[in-house]
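Structure below is work12.cif: mmCIF, C-alpha atoms.
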```cif
data_work
loop_
_atom_site.label_atom_id
_atom_site.label_comp_id
_atom_site.auth_asym_id
_atom_site.auth_seq_id
_atom_site.Cartn_x
_atom_site.Cartn_y
_atom_site.Cartn_z
CA MET A 1 -166.32 10.64 65.65
CA SER A 2 -165.49 7.50 63.71
CA THR A 3 -161.88 7.07 62.62
CA LYS A 4 -160.75 4.57 60.01
CA LEU A 5 -157.58 2.63 60.72
CA GLU A 6 -155.51 4.23 57.95
CA GLU A 7 -156.21 7.68 59.38
CA LEU A 8 -154.35 6.93 62.58
CA THR A 9 -150.74 7.67 63.37
CA ASP A 10 -148.88 5.18 65.54
CA THR A 11 -150.07 6.97 68.68
CA GLY A 12 -153.73 6.55 67.86
CA ALA A 13 -154.23 10.25 67.15
CA THR A 14 -155.15 11.46 63.67
CA PRO A 15 -152.87 13.98 61.91
CA ASP A 16 -155.86 16.29 62.12
CA GLN A 17 -155.95 16.00 65.93
CA LEU A 18 -152.21 16.69 66.04
CA GLY A 19 -152.64 19.73 63.77
CA ILE A 20 -150.06 18.51 61.22
CA GLY A 21 -150.10 20.84 58.26
CA MET A 22 -148.53 23.77 56.49
CA ARG A 23 -149.05 27.18 54.98
CA LEU A 24 -147.55 27.61 51.53
CA SER A 25 -147.10 30.64 49.32
CA ILE A 26 -145.50 30.43 45.90
CA HIS A 27 -143.97 33.37 44.10
CA PRO A 28 -143.16 33.14 40.40
CA HIS A 29 -141.23 36.26 39.45
CA CYS A 30 -142.98 36.78 36.12
CA ASP A 31 -145.85 38.74 34.62
CA ASP A 32 -148.04 35.64 34.20
CA PHE A 33 -147.66 34.57 37.84
CA VAL A 34 -151.39 33.86 38.27
CA GLU A 35 -151.38 31.24 35.51
CA VAL A 36 -148.17 29.67 36.87
CA ILE A 37 -149.53 29.40 40.43
CA LEU A 38 -152.97 28.08 39.46
CA GLY A 39 -151.40 25.69 36.94
CA ALA A 40 -148.93 24.33 39.49
CA LEU A 41 -151.68 23.70 42.05
CA ALA A 42 -153.77 21.99 39.34
CA ASP A 43 -150.80 19.81 38.30
CA ALA A 44 -150.33 18.55 41.86
CA GLU A 45 -154.02 17.79 42.13
CA ALA A 46 -154.07 15.99 38.76
CA ALA A 47 -151.16 13.84 40.00
CA GLY A 48 -153.36 12.64 42.85
CA LEU A 49 -151.26 14.38 45.49
CA THR A 50 -154.13 16.12 47.25
CA GLU A 51 -155.45 12.84 48.68
CA GLY A 52 -155.72 12.98 52.46
CA LEU A 53 -155.16 16.75 52.49
CA VAL A 54 -157.52 19.65 53.03
CA ILE A 55 -156.50 22.71 51.01
CA ASP A 56 -157.74 26.26 51.50
CA THR A 57 -156.28 29.25 49.63
CA ASP A 58 -156.75 32.77 50.98
CA GLU A 59 -155.47 36.22 50.07
CA VAL A 60 -151.91 35.58 51.33
CA SER A 61 -151.18 31.86 51.28
CA THR A 62 -152.59 28.35 51.02
CA TYR A 63 -153.33 26.24 54.08
CA VAL A 64 -152.72 22.53 53.60
CA GLY A 65 -153.80 20.30 56.46
CA ALA A 66 -153.11 16.58 56.67
CA ARG A 67 -156.21 14.62 57.55
CA THR A 68 -154.83 11.09 57.28
CA ALA A 69 -151.48 9.33 57.71
CA PRO A 70 -148.82 9.33 56.40
CA ALA A 71 -149.15 13.06 57.07
CA GLU A 72 -145.53 14.13 56.53
CA GLN A 73 -145.25 12.12 53.30
CA ARG A 74 -148.46 13.65 51.91
CA LEU A 75 -147.39 17.20 52.74
CA ALA A 76 -143.84 16.79 51.40
CA ALA A 77 -144.96 15.14 48.15
CA TYR A 78 -147.54 17.85 47.50
CA LEU A 79 -145.09 20.63 48.30
CA THR A 80 -142.36 19.20 46.07
CA ALA A 81 -144.80 18.74 43.19
CA VAL A 82 -146.10 22.31 43.45
CA VAL A 83 -142.63 23.88 43.52
CA ALA A 84 -141.39 21.71 40.63
CA ALA A 85 -144.51 22.40 38.56
CA ALA A 86 -144.23 26.16 39.11
CA SER A 87 -140.60 26.04 38.04
CA ARG A 88 -141.45 24.09 34.88
CA ARG A 89 -144.46 26.27 34.05
CA SER A 90 -142.35 29.42 34.36
CA GLY A 91 -139.82 27.94 31.94
CA GLY A 92 -137.18 27.50 34.63
CA GLY A 93 -137.61 31.09 35.78
CA HIS A 94 -137.16 32.40 39.30
CA VAL A 95 -139.71 30.95 41.70
CA VAL A 96 -139.65 31.24 45.48
CA ALA A 97 -141.84 29.27 47.86
CA HIS A 98 -142.33 30.14 51.47
CA VAL A 99 -143.44 27.29 53.69
CA LEU A 100 -144.50 27.14 57.33
CA LEU A 101 -144.85 23.58 58.66
CA SER A 102 -146.60 23.20 62.00
CA ARG A 103 -147.50 20.35 64.35
CA GLY A 104 -148.93 20.24 67.83
CA CYS A 105 -151.15 23.31 67.66
CA PRO A 106 -154.37 22.08 66.05
CA GLY A 107 -156.50 25.10 66.90
CA GLU A 108 -156.36 28.41 65.15
CA VAL A 109 -155.17 30.35 68.19
CA SER A 110 -155.34 28.00 71.15
CA CYS A 111 -152.73 25.34 71.64
CA ASP A 112 -154.53 22.75 73.73
CA LEU A 113 -153.04 19.50 72.62
CA ALA A 114 -154.82 16.61 74.29
CA VAL A 115 -152.59 13.93 72.79
CA THR A 116 -150.10 12.41 75.21
CA GLY A 117 -148.00 10.12 73.00
CA LEU A 118 -146.15 11.77 70.13
CA PRO A 119 -145.77 9.99 66.78
CA ASP A 120 -142.33 9.06 65.44
CA PRO A 121 -142.97 9.09 61.68
CA ALA A 122 -140.79 7.44 59.03
CA PRO A 123 -138.60 9.67 56.83
CA VAL A 124 -140.36 10.90 53.70
CA GLN A 125 -139.57 9.35 50.30
CA LEU A 126 -139.51 11.83 47.44
CA GLU A 127 -138.49 11.44 43.81
CA ARG A 128 -135.82 13.87 42.71
CA THR A 129 -137.03 16.69 40.48
CA GLY A 130 -133.82 17.57 38.63
CA ILE A 131 -134.28 21.16 39.83
CA ARG A 132 -131.67 22.76 42.09
CA ALA A 133 -132.92 24.75 45.07
CA ALA A 134 -131.26 27.02 47.59
CA ALA A 135 -133.17 27.48 50.82
CA GLN A 136 -133.01 29.18 54.18
CA TRP A 137 -134.43 27.13 56.94
CA SER A 138 -135.39 27.88 60.55
CA LEU A 139 -136.73 25.37 63.11
CA TYR A 140 -138.62 26.35 66.26
CA PRO A 141 -139.29 23.81 69.01
CA LEU A 142 -141.79 25.71 71.18
CA LEU A 143 -140.88 24.55 74.67
CA ASP A 144 -142.55 25.92 77.73
CA GLY A 145 -141.22 26.51 81.21
CA GLY A 146 -141.20 23.30 83.20
CA SER A 147 -140.97 21.13 80.12
CA ASP A 148 -138.58 18.19 80.28
CA ALA A 149 -137.97 18.39 76.54
CA GLY A 150 -134.59 20.09 77.01
CA ASP A 151 -133.35 23.32 75.53
CA HIS A 152 -134.43 24.52 72.12
CA MET A 153 -130.95 24.92 70.65
CA ALA A 154 -130.08 21.26 71.33
CA HIS A 155 -132.96 20.14 69.11
CA ILE A 156 -131.96 22.62 66.41
CA GLU A 157 -128.32 21.54 66.48
CA ALA A 158 -129.30 17.87 66.21
CA ALA A 159 -131.47 18.67 63.18
CA ILE A 160 -128.64 20.57 61.51
CA ALA A 161 -126.24 17.68 62.14
CA SER A 162 -128.74 15.32 60.53
CA ALA A 163 -129.04 17.61 57.49
CA ARG A 164 -125.27 17.75 57.23
CA ARG A 165 -125.10 13.94 57.09
CA ARG A 166 -127.67 14.05 54.33
CA GLY A 167 -125.54 16.46 52.31
CA THR A 168 -128.04 19.30 51.99
CA THR A 169 -126.72 21.56 54.73
CA THR A 170 -123.98 23.83 53.60
CA SER A 171 -123.55 26.73 55.92
CA PRO A 172 -125.12 28.57 58.82
CA ALA A 173 -126.37 32.09 58.25
CA HIS A 174 -127.82 34.62 60.66
CA TYR A 175 -131.14 33.23 61.94
CA ALA A 176 -131.26 30.39 59.42
CA THR A 177 -129.41 27.43 57.95
CA LYS A 178 -128.67 27.31 54.26
CA LEU A 179 -129.75 24.18 52.40
CA THR A 180 -128.89 23.42 48.78
CA GLY A 181 -129.59 20.48 46.51
CA ASP A 182 -132.42 18.99 44.52
CA VAL A 183 -135.78 20.49 45.52
CA ALA A 184 -136.87 17.08 46.82
CA ASP A 185 -133.77 16.65 49.02
CA VAL A 186 -134.02 20.16 50.43
CA LEU A 187 -137.70 19.76 51.31
CA ALA A 188 -137.19 16.26 52.74
CA THR A 189 -134.45 17.60 55.00
CA ALA A 190 -136.73 20.22 56.51
CA VAL A 191 -139.81 17.98 56.76
CA ASP A 192 -137.90 15.10 58.38
CA ALA A 193 -136.16 17.36 60.91
CA TRP A 194 -139.47 18.98 61.86
CA ALA A 195 -141.11 15.57 62.28
CA GLN A 196 -138.19 14.18 64.29
CA VAL A 197 -138.18 17.09 66.73
CA GLY A 198 -141.93 16.54 66.94
CA ALA A 199 -141.29 13.10 68.41
CA HIS A 200 -139.91 14.88 71.51
CA VAL A 201 -141.56 18.30 71.57
CA PRO A 202 -145.33 18.63 71.05
CA HIS A 203 -145.44 22.02 69.30
CA VAL A 204 -142.84 22.44 66.55
CA VAL A 205 -142.83 24.91 63.66
CA THR A 206 -140.37 25.21 60.80
CA HIS A 207 -140.09 27.94 58.18
CA LEU A 208 -138.41 27.49 54.84
CA THR A 209 -137.77 29.95 52.02
CA VAL A 210 -137.00 27.89 48.91
CA SER A 211 -135.57 29.55 45.82
CA VAL A 212 -135.20 28.00 42.37
CA GLY A 213 -133.98 29.60 39.15
CA SER A 214 -132.50 32.62 40.92
CA PRO A 215 -130.37 34.93 38.79
CA SER A 216 -128.17 35.61 41.85
CA PRO A 217 -124.73 34.02 41.85
CA VAL A 218 -124.85 30.46 43.18
CA GLU A 219 -123.09 30.05 46.50
CA ALA A 220 -121.52 26.91 47.85
CA MET B 1 -114.24 47.09 72.29
CA SER B 2 -115.21 50.75 72.56
CA THR B 3 -118.90 51.56 72.50
CA LYS B 4 -120.33 55.01 71.90
CA LEU B 5 -123.23 56.10 74.07
CA GLU B 6 -125.77 56.25 71.27
CA GLU B 7 -125.10 52.62 70.41
CA LEU B 8 -126.40 51.38 73.74
CA THR B 9 -129.88 50.17 74.54
CA ASP B 10 -131.27 50.96 77.96
CA THR B 11 -129.72 47.79 79.36
CA GLY B 12 -126.22 48.75 78.37
CA ALA B 13 -126.02 46.09 75.66
CA THR B 14 -125.68 47.04 72.01
CA PRO B 15 -128.32 45.81 69.53
CA ASP B 16 -125.44 43.92 67.95
CA GLN B 17 -124.77 42.05 71.21
CA LEU B 18 -128.48 41.26 71.49
CA GLY B 19 -128.55 40.01 67.89
CA ILE B 20 -131.43 42.30 66.88
CA GLY B 21 -131.97 42.00 63.14
CA MET B 22 -133.93 40.44 60.32
CA ARG B 23 -133.80 38.48 57.11
CA LEU B 24 -135.84 39.96 54.29
CA SER B 25 -136.76 38.64 50.87
CA ILE B 26 -138.85 40.62 48.45
CA HIS B 27 -140.78 39.09 45.58
CA PRO B 28 -142.13 41.32 42.80
CA HIS B 29 -144.33 39.14 40.59
CA CYS B 30 -143.16 40.62 37.31
CA ASP B 31 -140.65 39.96 34.55
CA ASP B 32 -138.41 42.88 35.58
CA PHE B 33 -138.16 41.74 39.21
CA VAL B 34 -134.39 42.27 39.37
CA GLU B 35 -134.71 45.98 38.56
CA VAL B 36 -137.59 46.37 41.03
CA ILE B 37 -135.68 44.69 43.89
CA LEU B 38 -132.38 46.50 43.30
CA GLY B 39 -134.20 49.79 42.80
CA ALA B 40 -136.17 49.41 46.02
CA LEU B 41 -133.04 48.65 48.04
CA ALA B 42 -131.33 51.66 46.45
CA ASP B 43 -134.31 53.91 47.25
CA ALA B 44 -134.16 52.98 50.93
CA GLU B 45 -130.44 53.63 51.01
CA ALA B 46 -130.82 56.99 49.24
CA ALA B 47 -133.40 57.96 51.88
CA GLY B 48 -130.73 57.48 54.56
CA LEU B 49 -132.49 54.48 56.06
CA THR B 50 -129.45 52.18 56.12
CA GLU B 51 -127.80 54.19 58.90
CA GLY B 52 -126.94 52.00 61.87
CA LEU B 53 -127.65 48.83 59.91
CA VAL B 54 -125.38 46.22 58.37
CA ILE B 55 -126.85 44.74 55.18
CA ASP B 56 -125.72 41.58 53.42
CA THR B 57 -127.59 40.05 50.47
CA ASP B 58 -127.07 36.39 49.55
CA GLU B 59 -128.66 33.96 47.09
CA VAL B 60 -131.92 33.65 49.04
CA SER B 61 -132.47 36.74 51.17
CA THR B 62 -130.98 39.86 52.69
CA TYR B 63 -129.67 39.95 56.24
CA VAL B 64 -130.18 43.28 57.99
CA GLY B 65 -128.56 43.61 61.40
CA ALA B 66 -129.04 46.57 63.72
CA ARG B 67 -125.77 47.86 65.05
CA THR B 68 -126.99 50.87 66.99
CA ALA B 69 -130.13 51.94 68.85
CA PRO B 70 -132.98 52.53 68.19
CA ALA B 71 -132.71 49.08 66.61
CA GLU B 72 -136.41 48.33 66.14
CA GLN B 73 -137.09 51.76 64.65
CA ARG B 74 -134.22 51.41 62.16
CA LEU B 75 -135.32 47.93 61.05
CA ALA B 76 -139.01 48.86 60.74
CA ALA B 77 -138.32 52.07 58.81
CA TYR B 78 -135.99 50.30 56.38
CA LEU B 79 -138.43 47.43 55.86
CA THR B 80 -141.40 49.72 55.26
CA ALA B 81 -139.42 51.80 52.78
CA VAL B 82 -138.25 48.76 50.80
CA VAL B 83 -141.75 47.26 50.54
CA ALA B 84 -143.32 50.61 49.57
CA ALA B 85 -140.59 51.32 47.01
CA ALA B 86 -140.95 47.88 45.42
CA SER B 87 -144.70 48.40 45.18
CA ARG B 88 -144.25 51.81 43.54
CA ARG B 89 -141.51 50.58 41.18
CA SER B 90 -143.69 47.69 40.02
CA GLY B 91 -146.50 50.13 39.23
CA GLY B 92 -148.67 48.91 42.09
CA GLY B 93 -148.24 45.30 41.00
CA HIS B 94 -148.21 42.25 43.23
CA VAL B 95 -145.25 42.25 45.61
CA VAL B 96 -144.74 39.92 48.54
CA ALA B 97 -142.11 40.33 51.24
CA HIS B 98 -141.11 37.64 53.64
CA VAL B 99 -139.55 38.84 56.87
CA LEU B 100 -137.92 37.00 59.78
CA LEU B 101 -137.22 39.24 62.77
CA SER B 102 -134.95 37.81 65.45
CA ARG B 103 -133.57 38.93 68.81
CA GLY B 104 -131.61 37.16 71.49
CA CYS B 105 -129.58 34.80 69.34
CA PRO B 106 -126.61 36.87 68.21
CA GLY B 107 -124.50 33.98 66.90
CA GLU B 108 -125.09 32.20 63.65
CA VAL B 109 -125.88 28.87 65.26
CA SER B 110 -125.15 29.18 68.95
CA CYS B 111 -127.52 30.99 71.24
CA ASP B 112 -125.30 32.05 74.11
CA LEU B 113 -126.79 35.31 75.22
CA ALA B 114 -124.62 36.87 77.90
CA VAL B 115 -126.92 39.84 78.48
CA THR B 116 -128.92 39.66 81.68
CA GLY B 117 -131.23 42.68 81.47
CA LEU B 118 -133.59 42.79 78.49
CA PRO B 119 -134.41 46.12 76.78
CA ASP B 120 -137.95 47.47 76.72
CA PRO B 121 -137.92 49.55 73.54
CA ALA B 122 -140.40 52.29 72.62
CA PRO B 123 -143.01 51.54 69.91
CA VAL B 124 -141.81 52.33 66.41
CA GLN B 125 -143.03 55.45 64.60
CA LEU B 126 -143.65 54.98 60.88
CA GLU B 127 -145.20 57.27 58.30
CA ARG B 128 -148.12 55.71 56.47
CA THR B 129 -147.40 54.66 52.89
CA GLY B 130 -150.88 54.80 51.37
CA ILE B 131 -150.44 51.17 50.31
CA ARG B 132 -152.74 48.47 51.68
CA ALA B 133 -151.13 45.24 52.83
CA ALA B 134 -152.48 41.86 53.90
CA ALA B 135 -150.12 39.79 56.00
CA GLN B 136 -149.86 36.51 57.83
CA TRP B 137 -147.92 36.74 61.02
CA SER B 138 -146.45 34.18 63.41
CA LEU B 139 -144.63 34.90 66.68
CA TYR B 140 -142.33 32.45 68.43
CA PRO B 141 -141.12 33.08 72.00
CA LEU B 142 -138.39 30.43 72.33
CA LEU B 143 -138.68 29.44 75.96
CA ASP B 144 -136.64 26.69 77.48
CA GLY B 145 -137.46 24.21 80.21
CA GLY B 146 -137.00 25.80 83.62
CA SER B 147 -137.60 29.30 82.31
CA ASP B 148 -139.78 31.57 84.42
CA ALA B 149 -140.99 33.39 81.32
CA GLY B 150 -144.33 31.56 81.31
CA ASP B 151 -145.95 29.64 78.51
CA HIS B 152 -145.46 30.57 74.87
CA MET B 153 -149.14 30.88 74.00
CA ALA B 154 -149.73 33.51 76.72
CA HIS B 155 -147.17 35.81 75.07
CA ILE B 156 -148.69 35.18 71.64
CA GLU B 157 -152.22 35.87 72.86
CA ALA B 158 -151.11 39.13 74.51
CA ALA B 159 -149.48 40.23 71.24
CA ILE B 160 -152.62 39.44 69.26
CA ALA B 161 -154.75 41.40 71.76
CA SER B 162 -152.40 44.35 71.34
CA ALA B 163 -152.70 44.14 67.55
CA ARG B 164 -156.47 44.02 67.85
CA ARG B 165 -156.47 47.26 69.85
CA ARG B 166 -154.36 48.81 67.13
CA GLY B 167 -156.89 47.81 64.47
CA THR B 168 -154.62 45.72 62.27
CA THR B 169 -155.62 42.28 63.48
CA THR B 170 -158.60 40.88 61.74
CA SER B 171 -158.80 37.15 62.09
CA PRO B 172 -156.90 34.09 63.18
CA ALA B 173 -155.91 31.52 60.58
CA HIS B 174 -154.22 28.17 60.92
CA TYR B 175 -150.67 28.76 62.22
CA ALA B 176 -150.81 32.53 61.72
CA THR B 177 -152.72 35.72 62.46
CA LYS B 178 -154.03 37.82 59.61
CA LEU B 179 -153.09 41.51 59.66
CA THR B 180 -154.47 44.09 57.25
CA GLY B 181 -153.99 47.83 56.89
CA ASP B 182 -151.44 50.30 55.64
CA VAL B 183 -148.04 48.64 55.11
CA ALA B 184 -146.60 50.81 57.89
CA ASP B 185 -149.29 49.82 60.42
CA VAL B 186 -149.01 46.13 59.58
CA LEU B 187 -145.23 46.15 59.95
CA ALA B 188 -145.33 48.26 63.13
CA THR B 189 -147.76 45.76 64.68
CA ALA B 190 -145.39 42.85 64.12
CA VAL B 191 -142.22 44.73 65.10
CA ASP B 192 -143.72 46.14 68.31
CA ALA B 193 -145.14 42.77 69.38
CA TRP B 194 -141.81 41.06 68.77
CA ALA B 195 -139.96 43.75 70.74
CA GLN B 196 -142.47 43.65 73.60
CA VAL B 197 -142.24 39.87 74.01
CA GLY B 198 -138.47 40.40 73.90
CA ALA B 199 -138.73 42.44 77.10
CA HIS B 200 -139.68 39.16 78.88
CA VAL B 201 -138.21 36.35 76.78
CA PRO B 202 -134.59 36.55 75.59
CA HIS B 203 -134.91 34.69 72.26
CA VAL B 204 -137.93 35.74 70.17
CA VAL B 205 -138.50 35.28 66.46
CA THR B 206 -141.38 36.50 64.32
CA HIS B 207 -142.20 35.65 60.70
CA LEU B 208 -144.34 37.80 58.47
CA THR B 209 -145.52 37.28 54.90
CA VAL B 210 -146.66 40.67 53.61
CA SER B 211 -148.63 40.94 50.39
CA VAL B 212 -149.45 44.12 48.47
CA GLY B 213 -151.22 44.50 45.14
CA SER B 214 -152.55 40.95 45.16
CA PRO B 215 -155.10 40.12 42.46
CA SER B 216 -156.83 37.76 44.95
CA PRO B 217 -160.15 38.95 46.35
CA VAL B 218 -159.66 41.18 49.36
CA GLU B 219 -160.88 39.63 52.61
CA ALA B 220 -162.03 41.42 55.70
#
```

Show me, as structure tokens, the structure contained in the file I just sent.
Amino acid sequence: MSTKLEELTDTGATPDQLGIGMRLSIHPHCDDFVEVILGALADAEAAGLTEGLVIDTDEVSTYVGARTAPAEQRLAAYLTAVVAAASRRSGGGHVVAHVLLSRGCPGEVSCDLAVTGLPDPAPVQLERTGIRAAAQWSLYPLLDGGSDAGDHMAHIEAAIASARRRGTTTSPAHYATKLTGDVADVLATAVDAWAQVGAHVPHVVTHLTVSVGSPSPVEA
Amino acid sequence: MSTKLEELTDTGATPDQLGIGMRLSIHPHCDDFVEVILGALADAEAAGLTEGLVIDTDEVSTYVGARTAPAEQRLAAYLTAVVAAASRRSGGGHVVAHVLLSRGCPGEVSCDLAVTGLPDPAPVQLERTGIRAAAQWSLYPLLDGGSDAGDHMAHIEAAIASARRRGTTTSPAHYATKLTGDVADVLATAVDAWAQVGAHVPHVVTHLTVSVGSPSPVEA
């Protein structure tokens, strides 16, 4: 397999070999949800944000795999654009996105990661959208017995501390951490934390439920 | 603290002490989503399915904690009823639920599980709803270095094999396993697998995106 230079991460492995990608589902709470979803995906594509990504929509969600570096930046920019476009296309209505970001498990079921060095990617750079989001965020470093990568809560607590410094973490909740702020800041918090844990732990997954335009009372 | 006999699991710990619970968000894709959501939650309560549960809705999702045994049965029955009621109340329209089931991390951030014996709960018993669901399901045994609980993929593969015997597993996808079947069978598959891994691994989380009434083409 030939690999062009720009496809490589700093460890020499491609994002594809590391299995860096996400599953995304987007839920506009309106009668014309099909038009909103398809329009939002088309907007992100028209903005050139599908470059370096492979995108495959099925009955439940959309798989987005990063083929070339910078993988985290490509995924975060696409995700932010889709959520913002869905919000705009629904006239600022209630839209929820559910996102699963995964790295280190490139197969569909098997988890045979042949890469030895782990990349240490730069933080993502996202333009603010002007849209407020509230999110619930969970981070899962998948350590195995005998690993020297420490205990899973230490990685989670470090990620939460980092989010707190950034200003997007507000409060812990059962099983999740609440994030609030501009859509771009909320998504960057989760993507950067996932990537940073991934510099120490090969297989890391994060889940994020992102809500915009909710009629529920806004919490601190 | 006084503990009544029926509150105990077979290890002598309460579900509350084990942190057995879930976060649930439900997304009717229609203009009157508020009425559908509130109505579905009210239907499940009117059916007596909130017994033994503590329920707290915030801006993003609803926390449902099991206070008394049988914890898994209570959570699964409530969840199935809410999804089925939302589907009925939206006239069979498109409804998606996102569910995070967690056990073994009773605190909000800390994960200091004092329980030594892990429960081995019976499979849940759910009445079929007559509603077809397609779901994407991920299971995370959170093992730490030095644990004798094995490697995380072995637990996941055993759970998928169990789902296949049950007839709800169809195909692997990137980062998730596809489940299809009656809402009750799909949810029972995920709840039982999560509980069974929890008999070996203290901290286990599973995420499930459940879709009913989708206009997307049905896949095998």

- Message: What would the selection look like, as a ChimeraX atom specification, if the PyMOL selection byres ((chain A and resi 203-212) around 7) were run on the coordinates I just shared?
- Response: /A:94-105,132-142,194,198,201-202,213-214 /B:60

- Task: Can you pull out every residue within 9 Å of Arg128 in chain B, counting only C-alpha atoms, but drop anything in the same chain fewer than 6 positions away, and send it as a list in words?
- Result: Asp182, Val183, Ala184 and Asp185 of chain B

Which protein, DNA or RNA residues have an atom at most 7 Å from (-130.6, 36.0, 63.0), counting only C-alpha atoms? List them as an mmCIF file with C-alpha atoms, in the frame of the given file.
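Full text of selection_32.cif as output:
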```cif
data_model
loop_
_atom_site.group_PDB
_atom_site.id
_atom_site.type_symbol
_atom_site.label_atom_id
_atom_site.label_comp_id
_atom_site.auth_asym_id
_atom_site.auth_seq_id
_atom_site.Cartn_x
_atom_site.Cartn_y
_atom_site.Cartn_z
ATOM 1 C CA HIS A 174 -127.820 34.620 60.660
ATOM 2 C CA TYR A 175 -131.140 33.230 61.940
ATOM 3 C CA ALA A 176 -131.260 30.390 59.420
ATOM 4 C CA GLY B 19 -128.550 40.010 67.890
ATOM 5 C CA GLY B 21 -131.970 42.000 63.140
ATOM 6 C CA MET B 22 -133.930 40.440 60.320
ATOM 7 C CA SER B 102 -134.950 37.810 65.450
ATOM 8 C CA CYS B 105 -129.580 34.800 69.340
ATOM 9 C CA PRO B 106 -126.610 36.870 68.210
ATOM 10 C CA GLU B 108 -125.090 32.200 63.650
#
```

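Nearest to Val36 in chain A of all the residues A:Gly48, A:Pro15, A:Gly92, A:Pro70 is A:Gly92, based on only C-alpha atoms.
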
- Query: Smallest atom-to-atom distance to chain A: which of B:Thr170, B:Thr50, B:Thr68, B:Thr177, using all atoms listed in the file?
  - Reply: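 The shortest atom-to-atom distance to chain A comes from B:Thr177.
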
Please reconstruct the missing atoms of range 42-47 of chain A (target: all heavy atoms) and return them as a PDB file, in the frame of the given file.
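result-v1.pdb, written as the output of this step:
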```pdb
ATOM      1  N   ALA A  42    -152.964  22.950  40.099  1.00  0.00           N
ATOM      2  CA  ALA A  42    -153.770  21.990  39.340  1.00  0.00           C
ATOM      3  C   ALA A  42    -152.949  20.751  38.972  1.00  0.00           C
ATOM      4  O   ALA A  42    -153.459  19.622  38.988  1.00  0.00           O
ATOM      5  CB  ALA A  42    -154.320  22.662  38.077  1.00  0.00           C
ATOM      6  N   ASP A  43    -151.671  20.944  38.643  1.00  0.00           N
ATOM      7  CA  ASP A  43    -150.800  19.810  38.300  1.00  0.00           C
ATOM      8  C   ASP A  43    -150.680  18.844  39.484  1.00  0.00           C
ATOM      9  O   ASP A  43    -150.732  17.623  39.317  1.00  0.00           O
ATOM     10  CB  ASP A  43    -149.388  20.291  37.934  1.00  0.00           C
ATOM     11  CG  ASP A  43    -149.344  21.027  36.599  1.00  0.00           C
ATOM     12  OD1 ASP A  43    -150.342  20.969  35.846  1.00  0.00           O
ATOM     13  OD2 ASP A  43    -148.307  21.662  36.318  1.00  0.00           O
ATOM     14  N   ALA A  44    -150.486  19.402  40.676  1.00  0.00           N
ATOM     15  CA  ALA A  44    -150.330  18.550  41.860  1.00  0.00           C
ATOM     16  C   ALA A  44    -151.624  17.797  42.152  1.00  0.00           C
ATOM     17  O   ALA A  44    -151.600  16.631  42.550  1.00  0.00           O
ATOM     18  CB  ALA A  44    -149.901  19.392  43.061  1.00  0.00           C
ATOM     19  N   GLU A  45    -152.738  18.454  41.917  1.00  0.00           N
ATOM     20  CA  GLU A  45    -154.020  17.790  42.130  1.00  0.00           C
ATOM     21  C   GLU A  45    -154.235  16.683  41.092  1.00  0.00           C
ATOM     22  O   GLU A  45    -154.664  15.566  41.432  1.00  0.00           O
ATOM     23  CB  GLU A  45    -155.167  18.813  42.074  1.00  0.00           C
ATOM     24  CG  GLU A  45    -156.508  18.174  42.382  1.00  0.00           C
ATOM     25  CD  GLU A  45    -157.602  19.191  42.676  1.00  0.00           C
ATOM     26  OE1 GLU A  45    -157.348  20.405  42.549  1.00  0.00           O
ATOM     27  OE2 GLU A  45    -158.715  18.750  43.041  1.00  0.00           O
ATOM     28  N   ALA A  46    -153.896  16.992  39.832  1.00  0.00           N
ATOM     29  CA  ALA A  46    -154.070  15.990  38.760  1.00  0.00           C
ATOM     30  C   ALA A  46    -153.187  14.773  38.999  1.00  0.00           C
ATOM     31  O   ALA A  46    -153.521  13.660  38.580  1.00  0.00           O
ATOM     32  CB  ALA A  46    -153.739  16.633  37.406  1.00  0.00           C
ATOM     33  N   ALA A  47    -152.063  14.968  39.690  1.00  0.00           N
ATOM     34  CA  ALA A  47    -151.160  13.840  40.000  1.00  0.00           C
ATOM     35  C   ALA A  47    -151.643  13.047  41.205  1.00  0.00           C
ATOM     36  O   ALA A  47    -150.951  12.127  41.657  1.00  0.00           O
ATOM     37  CB  ALA A  47    -149.751  14.375  40.225  1.00  0.00           C
TER      38      ALA A  47
END
```
